[in-house]
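Have a look at query21.txt below; it lists compact mmCIF, C-alpha atoms.
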# COMPACT_ATOMS: atom_id res chain seq x y z
CA MET B 979 120.84 -45.34 224.85
CA ASN B 980 119.76 -42.13 223.10
CA HIS B 981 115.96 -41.86 223.56
CA TRP B 982 115.36 -39.02 221.10
CA PRO B 983 115.05 -41.15 217.90
CA PHE B 984 112.29 -43.14 219.71
CA ILE B 985 110.53 -39.96 220.85
CA ILE B 986 110.69 -38.41 217.35
CA ALA B 987 109.34 -41.64 215.78
CA ALA B 988 106.41 -41.79 218.27
CA TYR B 989 105.49 -38.13 217.73
CA ALA B 990 105.85 -38.40 213.91
CA ILE B 991 103.56 -41.46 213.74
CA THR B 992 100.95 -39.77 215.94
CA ILE B 993 101.01 -36.44 214.09
CA ILE B 994 101.00 -38.01 210.60
CA GLY B 995 98.21 -40.45 211.54
CA THR B 996 96.07 -37.73 213.13
CA LEU B 997 96.59 -35.28 210.24
CA ALA B 998 95.88 -37.98 207.66
CA ILE B 999 92.53 -38.98 209.18
CA ALA B 1000 91.52 -35.35 209.80
CA VAL B 1001 92.27 -34.34 206.18
CA ALA B 1002 90.67 -37.51 204.74
CA SER B 1003 87.52 -37.01 206.86
CA TYR B 1004 87.28 -33.32 205.83
CA ALA B 1005 87.75 -34.15 202.13
CA GLY B 1006 85.18 -36.97 202.32
CA MET B 1007 82.66 -34.70 204.05
CA ARG B 1008 83.13 -31.87 201.52
CA ARG B 1009 82.81 -34.26 198.56
CA ALA B 1010 79.66 -35.94 199.93
CA GLU B 1011 77.97 -32.64 200.90
CA ARG B 1012 78.78 -31.12 197.47
CA GLN B 1013 77.18 -34.11 195.73
CA ALA B 1014 74.10 -33.87 197.95
CA ASP B 1015 73.81 -30.10 197.35
CA ALA B 1016 74.17 -30.56 193.56
CA LEU B 1017 71.29 -33.08 193.54
CA THR B 1018 69.14 -30.77 195.70
CA ARG B 1019 69.73 -27.85 193.30
CA ARG B 1020 68.85 -30.02 190.29
CA ASP B 1021 65.32 -30.68 191.72
CA MET M 1431 69.09 -37.34 223.69
CA HIS M 1432 66.10 -38.22 221.50
CA ILE M 1433 65.84 -34.68 220.12
CA PHE M 1434 69.31 -35.07 218.52
CA ALA M 1435 68.16 -38.21 216.68
CA ASN M 1436 66.66 -35.97 213.99
CA PRO M 1437 69.32 -35.65 211.22
CA ALA M 1438 68.26 -32.06 210.35
CA ARG M 1439 68.55 -30.94 213.98
CA PHE M 1440 71.84 -32.81 214.33
CA LEU M 1441 73.26 -31.06 211.22
CA SER M 1442 72.20 -27.63 212.48
CA ILE M 1443 74.35 -28.27 215.59
CA ALA M 1444 77.18 -30.23 213.92
CA ARG M 1445 77.91 -27.69 211.16
CA PRO M 1446 79.00 -24.79 213.43
CA LEU M 1447 80.48 -27.16 216.05
CA THR M 1448 82.85 -29.05 213.71
CA PRO M 1449 85.38 -26.23 213.00
CA TRP M 1450 85.36 -25.11 216.66
CA LEU M 1451 86.17 -28.59 217.95
CA GLY M 1452 88.80 -29.09 215.24
CA TRP M 1453 90.68 -25.82 215.63
CA VAL M 1454 90.55 -25.62 219.46
CA GLY M 1455 91.68 -29.27 219.59
CA ALA M 1456 94.55 -28.60 217.16
CA VAL M 1457 95.78 -25.56 219.14
CA LEU M 1458 95.69 -27.52 222.43
CA ILE M 1459 97.55 -30.45 220.83
CA VAL M 1460 100.31 -28.21 219.43
CA ALA M 1461 100.73 -26.40 222.80
CA ALA M 1462 100.76 -29.64 224.82
CA LEU M 1463 103.18 -31.48 222.51
CA PHE M 1464 105.52 -28.47 222.42
CA ALA M 1465 105.50 -28.39 226.23
CA GLY M 1466 105.97 -32.17 226.38
CA LEU M 1467 108.96 -32.04 224.05
CA PHE M 1468 110.76 -28.87 225.18
CA VAL M 1469 109.42 -27.57 228.52
CA THR M 1470 108.88 -30.49 230.91
CA PRO M 1471 111.91 -32.10 232.62
CA ARG M 1472 113.13 -35.65 231.96
CA ASP M 1473 112.00 -38.36 234.36
CA TYR M 1474 114.58 -39.54 236.89
CA LEU M 1475 113.82 -43.22 236.10
CA GLN M 1476 112.61 -43.31 232.47
CA GLY M 1477 114.80 -40.46 231.22
CA GLU M 1478 113.71 -38.63 228.06
CA SER M 1479 111.43 -41.48 226.90
CA VAL M 1480 108.75 -40.27 229.35
CA ARG M 1481 107.85 -37.65 226.68
CA ILE M 1482 106.20 -40.41 224.62
CA MET M 1483 103.48 -40.42 227.31
CA TYR M 1484 101.98 -37.18 225.85
CA VAL M 1485 101.01 -38.99 222.62
CA HIS M 1486 100.61 -42.54 223.94
CA VAL M 1487 98.12 -41.85 226.77
CA PRO M 1488 95.68 -39.71 224.68
CA ALA M 1489 95.79 -42.39 221.94
CA ALA M 1490 95.01 -45.12 224.51
CA TRP M 1491 92.17 -43.01 225.97
CA LEU M 1492 90.67 -42.40 222.50
CA GLY M 1493 90.99 -46.06 221.51
CA MET M 1494 88.97 -47.06 224.59
CA ALA M 1495 86.59 -44.06 224.53
CA GLY M 1496 85.94 -44.72 220.84
CA TRP M 1497 84.72 -48.24 221.51
CA SER M 1498 82.65 -47.00 224.47
CA GLY M 1499 81.03 -44.58 222.00
CA ILE M 1500 80.38 -47.42 219.52
CA ALA M 1501 78.82 -49.54 222.30
CA THR M 1502 76.58 -46.65 223.49
CA ALA M 1503 75.46 -45.80 219.94
CA SER M 1504 74.88 -49.49 219.17
CA LEU M 1505 72.75 -49.87 222.29
CA MET M 1506 70.68 -46.83 221.25
CA GLN M 1507 70.33 -48.30 217.77
CA LEU M 1508 69.10 -51.63 219.17
CA ILE M 1509 66.72 -50.20 221.79
CA TRP M 1510 65.35 -46.98 220.31
CA ARG M 1511 66.26 -47.48 216.61
CA HIS M 1512 67.64 -43.94 216.44
CA PRO M 1513 68.46 -43.18 212.80
CA LEU M 1514 71.66 -41.40 213.83
CA ALA M 1515 72.96 -44.05 216.21
CA ALA M 1516 74.21 -46.44 213.51
CA VAL M 1517 75.73 -43.48 211.64
CA ALA M 1518 77.56 -42.35 214.81
CA ALA M 1519 78.91 -45.84 215.51
CA ARG M 1520 80.19 -46.21 211.92
CA ALA M 1521 81.76 -42.74 212.06
CA ILE M 1522 83.66 -43.56 215.27
CA ALA M 1523 85.06 -46.92 214.06
CA VAL M 1524 87.91 -45.82 211.75
CA PRO M 1525 89.33 -42.99 213.96
CA GLY M 1526 88.95 -45.29 216.99
CA ALA M 1527 90.92 -48.03 215.21
CA LEU M 1528 93.57 -45.51 214.19
CA PHE M 1529 94.11 -44.28 217.76
CA ALA M 1530 94.18 -47.85 219.09
CA ALA M 1531 96.91 -48.57 216.50
CA ILE M 1532 98.80 -45.38 217.46
CA CYS M 1533 98.58 -46.46 221.12
CA LEU M 1534 100.06 -49.88 220.28
CA VAL M 1535 102.85 -48.48 218.07
CA THR M 1536 103.88 -45.62 220.41
CA GLY M 1537 103.74 -48.03 223.38
CA SER M 1538 106.01 -50.40 221.49
CA ILE M 1539 108.41 -47.55 220.67
CA TRP M 1540 108.42 -46.53 224.37
CA GLY M 1541 108.97 -50.15 225.46
CA ARG M 1542 112.22 -50.60 223.53
CA PRO M 1543 114.35 -48.06 225.48
CA THR M 1544 112.43 -48.57 228.76
CA TRP M 1545 111.88 -52.35 228.97
CA GLY M 1546 114.46 -53.42 226.36
CA ALA M 1547 111.69 -55.08 224.31
CA TRP M 1548 109.40 -53.91 221.49
CA TRP M 1549 106.57 -56.21 222.63
CA GLU M 1550 105.53 -58.30 225.63
CA TRP M 1551 102.46 -60.53 225.77
CA ASP M 1552 101.26 -59.00 229.04
CA GLY M 1553 97.63 -58.28 229.98
CA ARG M 1554 97.49 -54.59 229.03
CA LEU M 1555 99.27 -54.91 225.67
CA THR M 1556 97.37 -58.03 224.64
CA SER M 1557 93.93 -56.66 225.59
CA MET M 1558 94.72 -53.45 223.67
CA LEU M 1559 95.72 -55.52 220.63
CA VAL M 1560 92.40 -57.41 220.97
CA LEU M 1561 90.62 -54.01 220.94
CA PHE M 1562 92.38 -53.11 217.67
CA PHE M 1563 91.25 -56.40 216.08
CA LEU M 1564 87.70 -55.80 217.39
CA TYR M 1565 87.74 -52.44 215.58
CA LEU M 1566 88.84 -54.12 212.31
CA ALA M 1567 86.07 -56.71 212.65
CA TYR M 1568 83.50 -53.99 213.42
CA ILE M 1569 84.57 -51.93 210.37
CA ALA M 1570 84.21 -55.02 208.13
CA LEU M 1571 80.78 -55.89 209.60
CA ALA M 1572 79.45 -52.31 209.43
CA SER M 1573 80.70 -51.84 205.84
CA ALA M 1574 79.05 -55.10 204.77
CA GLY M 1575 75.80 -53.99 206.47
CA ALA M 1576 75.93 -50.58 204.76
CA GLU M 1577 76.46 -52.23 201.35
CA ARG M 1578 73.38 -54.38 201.92
CA GLY M 1579 71.53 -51.15 202.81
CA SER M 1580 70.00 -52.77 205.87
CA ASN M 1581 69.57 -51.49 209.40
CA ASP M 1582 72.51 -53.59 210.50
CA ARG M 1583 71.76 -55.24 213.84
CA ILE M 1584 74.71 -57.65 213.66
CA SER M 1585 77.35 -54.90 213.87
CA ALA M 1586 75.31 -53.20 216.63
CA ILE M 1587 75.24 -56.41 218.71
CA PHE M 1588 78.98 -56.84 218.03
CA GLY M 1589 79.57 -53.25 219.21
CA VAL M 1590 77.78 -53.92 222.51
CA VAL M 1591 79.40 -57.33 223.14
CA GLY M 1592 82.88 -56.01 222.26
CA ALA M 1593 82.59 -53.46 225.10
CA ALA M 1594 83.36 -56.32 227.49
CA ASN M 1595 87.01 -55.81 226.53
CA ILE M 1596 87.10 -52.22 227.88
CA PRO M 1597 87.10 -53.14 231.62
CA VAL M 1598 89.60 -55.93 230.81
CA ILE M 1599 92.00 -53.32 229.38
CA HIS M 1600 91.43 -50.98 232.32
CA TYR M 1601 91.86 -53.56 235.10
CA SER M 1602 94.45 -55.75 233.33
CA VAL M 1603 97.28 -54.13 235.31
CA GLU M 1604 95.50 -55.05 238.57
CA TRP M 1605 94.22 -58.52 237.62
CA TRP M 1606 97.51 -59.88 236.27
CA ARG M 1607 101.17 -59.39 237.14
CA THR M 1608 102.23 -57.33 234.14
CA LEU M 1609 105.29 -55.52 232.85
CA HIS M 1610 103.08 -52.51 232.11
CA GLN M 1611 103.01 -50.16 235.11
CA GLY M 1612 99.89 -49.89 237.24
CA GLN M 1613 97.37 -47.08 237.17
CA SER M 1614 99.26 -43.75 237.47
CA ILE M 1615 96.28 -41.38 237.36
CA GLY M 1616 93.11 -41.89 239.38
CA LEU M 1617 90.28 -39.88 240.89
CA SER M 1618 92.28 -39.40 244.09
CA GLY M 1619 95.35 -38.02 242.34
CA SER M 1620 98.43 -39.06 240.37
CA THR M 1621 101.73 -40.78 241.11
CA ILE M 1622 103.33 -38.71 238.31
CA ASP M 1623 105.10 -35.55 239.45
CA GLY M 1624 103.19 -32.34 238.61
CA SER M 1625 106.13 -30.86 236.66
CA ILE M 1626 105.84 -33.76 234.17
CA LEU M 1627 102.08 -34.33 234.36
CA TRP M 1628 100.59 -30.94 233.44
CA PRO M 1629 100.74 -31.12 229.58
CA LEU M 1630 99.03 -34.56 229.64
CA PRO M 1631 95.45 -33.37 230.39
CA ILE M 1632 95.88 -30.59 227.80
CA ALA M 1633 97.03 -33.11 225.16
CA THR M 1634 94.20 -35.51 226.09
CA LEU M 1635 91.59 -32.73 225.86
CA GLY M 1636 93.06 -31.50 222.55
CA PHE M 1637 93.08 -34.95 220.95
CA SER M 1638 89.55 -35.60 222.30
CA LEU M 1639 88.19 -32.38 220.74
CA LEU M 1640 89.86 -33.16 217.42
CA PHE M 1641 88.48 -36.72 217.61
CA GLY M 1642 85.02 -35.19 218.12
CA ALA M 1643 85.49 -33.00 215.02
CA ILE M 1644 86.64 -36.02 212.97
CA VAL M 1645 83.60 -38.06 214.08
CA LEU M 1646 81.23 -35.16 213.23
CA MET M 1647 82.84 -34.78 209.77
CA ARG M 1648 82.48 -38.53 209.12
CA MET M 1649 78.84 -38.46 210.33
CA ARG M 1650 78.09 -35.52 208.02
CA ALA M 1651 79.70 -37.43 205.11
CA LEU M 1652 77.64 -40.57 205.83
CA LEU M 1653 74.40 -38.54 206.09
CA ALA M 1654 75.14 -36.72 202.81
CA GLN M 1655 75.93 -40.04 201.07
CA ALA M 1656 72.64 -41.51 202.36
CA LYS M 1657 70.81 -38.43 201.06
CA VAL M 1658 72.40 -38.85 197.59
CA VAL M 1659 71.52 -42.57 197.47
CA ALA M 1660 67.90 -41.90 198.56
CA ARG M 1661 67.48 -39.13 195.98
CA LEU M 1662 68.98 -41.19 193.15
CA LYS M 1663 66.63 -44.08 194.03
CA ARG M 1664 63.67 -41.70 193.95
CA MET M 1665 64.77 -40.24 190.60
CA THR M 1666 65.13 -43.73 189.13
CA ALA M 1667 61.69 -44.73 190.39
CA GLU M 1668 59.97 -41.62 188.89
Please re-express this file's structure in structure tokens.
Amino acid sequence: MNHWPFIIAAYAITIIGTLAIAVASYAGMRRAERQADALTRRD
Amino acid sequence: MHIFANPARFLSIARPLTPWLGWVGAVLIVAALFAGLFVTPRDYLQGESVRIMYVHVPAAWLGMAGWSGIATASLMQLIWRHPLAAVAARAIAVPGALFAAICLVTGSIWGRPTWGAWWEWDGRLTSMLVLFFLYLAYIALASAGAERGSNDRISAIFGVVGAANIPVIHYSVEWWRTLHQGQSIGLSGSTIDGSILWPLPIATLGFSLLFGAIVLMRMRALLAQAKVVARLKRMTAE
């Protein structure tokens, strides 16, 4: 049995999952901190 | 530990630390996965499928370490009522669940060429699946608590009680006769040959640092959201 399709699938799932949560967490943090800063400036 | 419970002090440390953890973690991950794919030799028994270990083991470690973090933060929330403890536990939950899921999926992918089966109801696999469901339940409980705006003790108690599953996962390969292999890496050494083993600690460290950066980013987002809600409430009241 050729193992490489299994290896590629495992690496792809890990990399895509890790990148997705890192990007989503960064975007969520930036959005929330921008909103908080905008309210602080308004005061 | 108590000095970090102040959100302002926490942010002054978290802001410069987040990019460092993220970028150093990413570089280590890329180097370790490149080595795992193209530099290390194939295993004489498992063949090429041994390379899945470099993503599977860090994911398993983070799934378990994530819940240990939730349990520790929950305990601090219950005992000392640290304002940051509940935030930290909530921030860990989603990445912890993701890495538990990655562990299950990559383990399943490894099992097909190695065992000839995608899934077996053995002690290690089943207890890891239980951990994943515990994460989902914790996320639901914590989200419901946050919507109520209360200092949610129910999710904190659930976080502490759920930690009972961590030693079950760890010792499952010793307590029950399982298809999953026994402990390969311990304090006294490893049964894995050094030529195959060396990228594994690099990958584990890299994923752990990136996990730390993700948790800090999620904590910063939760703190900023809380600040917005508090300010809007104050503006409405004035």
message = Within 6 Å of chain M, which residues belong to chain B? Use all atoms listed in the file and report them as a count of residues only.
response = 10
ask   = For Ala1594 (chain M), which residue out of M:Trp1606, M:Trp1497, M:Trp1551, M:Trp1545 is the nearest one, using only C-alpha atoms?
value =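 Answer, going by the shortest atom-to-atom distance: M:Trp1497.
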Point-to-point distance in Å for CA of Arg1445 (chain M) and CA of Val1487 (chain M) = 29.2 Å
task = Could you jot down the CA of Thr1634 (chain M) to CA of Trp1491 (chain M) separation for me, Å, one decimal place?
result =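 Result for CA of Thr1634 (chain M) versus CA of Trp1491 (chain M): 7.8 Å, one decimal.
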request  = Give me the residues within 7 Å of Ile1500 (chain M) as JSON, numbers by chain, counting all atoms listed in the file and dropping any in the same chain fewer than 3 places off.
outcome  = {"M": [1496, 1497, 1503, 1504, 1519, 1522, 1589]}
request  = Take CA of Trp1549 (chain M) and CA of His1610 (chain M) and report the distance between them in Å, one decimal.
outcome  = 10.8 Å
Save region 982-1003 of chain B to disk from that block, C-alpha atoms included, as a CSV table (one decimal), in the first residue's frame.
chain,number,residue,atom,x,y,z
B,982,TRP,CA,2.0,8.9,0.8
B,983,PRO,CA,-1.7,9.8,0.1
B,984,PHE,CA,-2.3,9.2,3.9
B,985,ILE,CA,0.7,11.2,4.9
B,986,ILE,CA,-0.3,14.1,2.6
B,987,ALA,CA,-3.9,14.0,3.9
B,988,ALA,CA,-2.8,14.1,7.6
B,989,TYR,CA,-0.4,17.0,7.0
B,990,ALA,CA,-2.9,19.0,4.9
B,991,ILE,CA,-5.6,18.6,7.6
B,992,THR,CA,-3.2,19.7,10.4
B,993,ILE,CA,-1.8,22.7,8.4
B,994,ILE,CA,-5.2,23.9,7.2
B,995,GLY,CA,-6.7,23.5,10.7
B,996,THR,CA,-3.8,25.3,12.4
B,997,LEU,CA,-3.7,28.1,9.8
B,998,ALA,CA,-7.5,28.6,10.0
B,999,ILE,CA,-7.6,29.0,13.7
B,1000,ALA,CA,-4.5,31.2,13.8
B,1001,VAL,CA,-6.0,33.6,11.1
B,1002,ALA,CA,-9.5,33.5,12.7
B,1003,SER,CA,-8.0,34.3,16.2
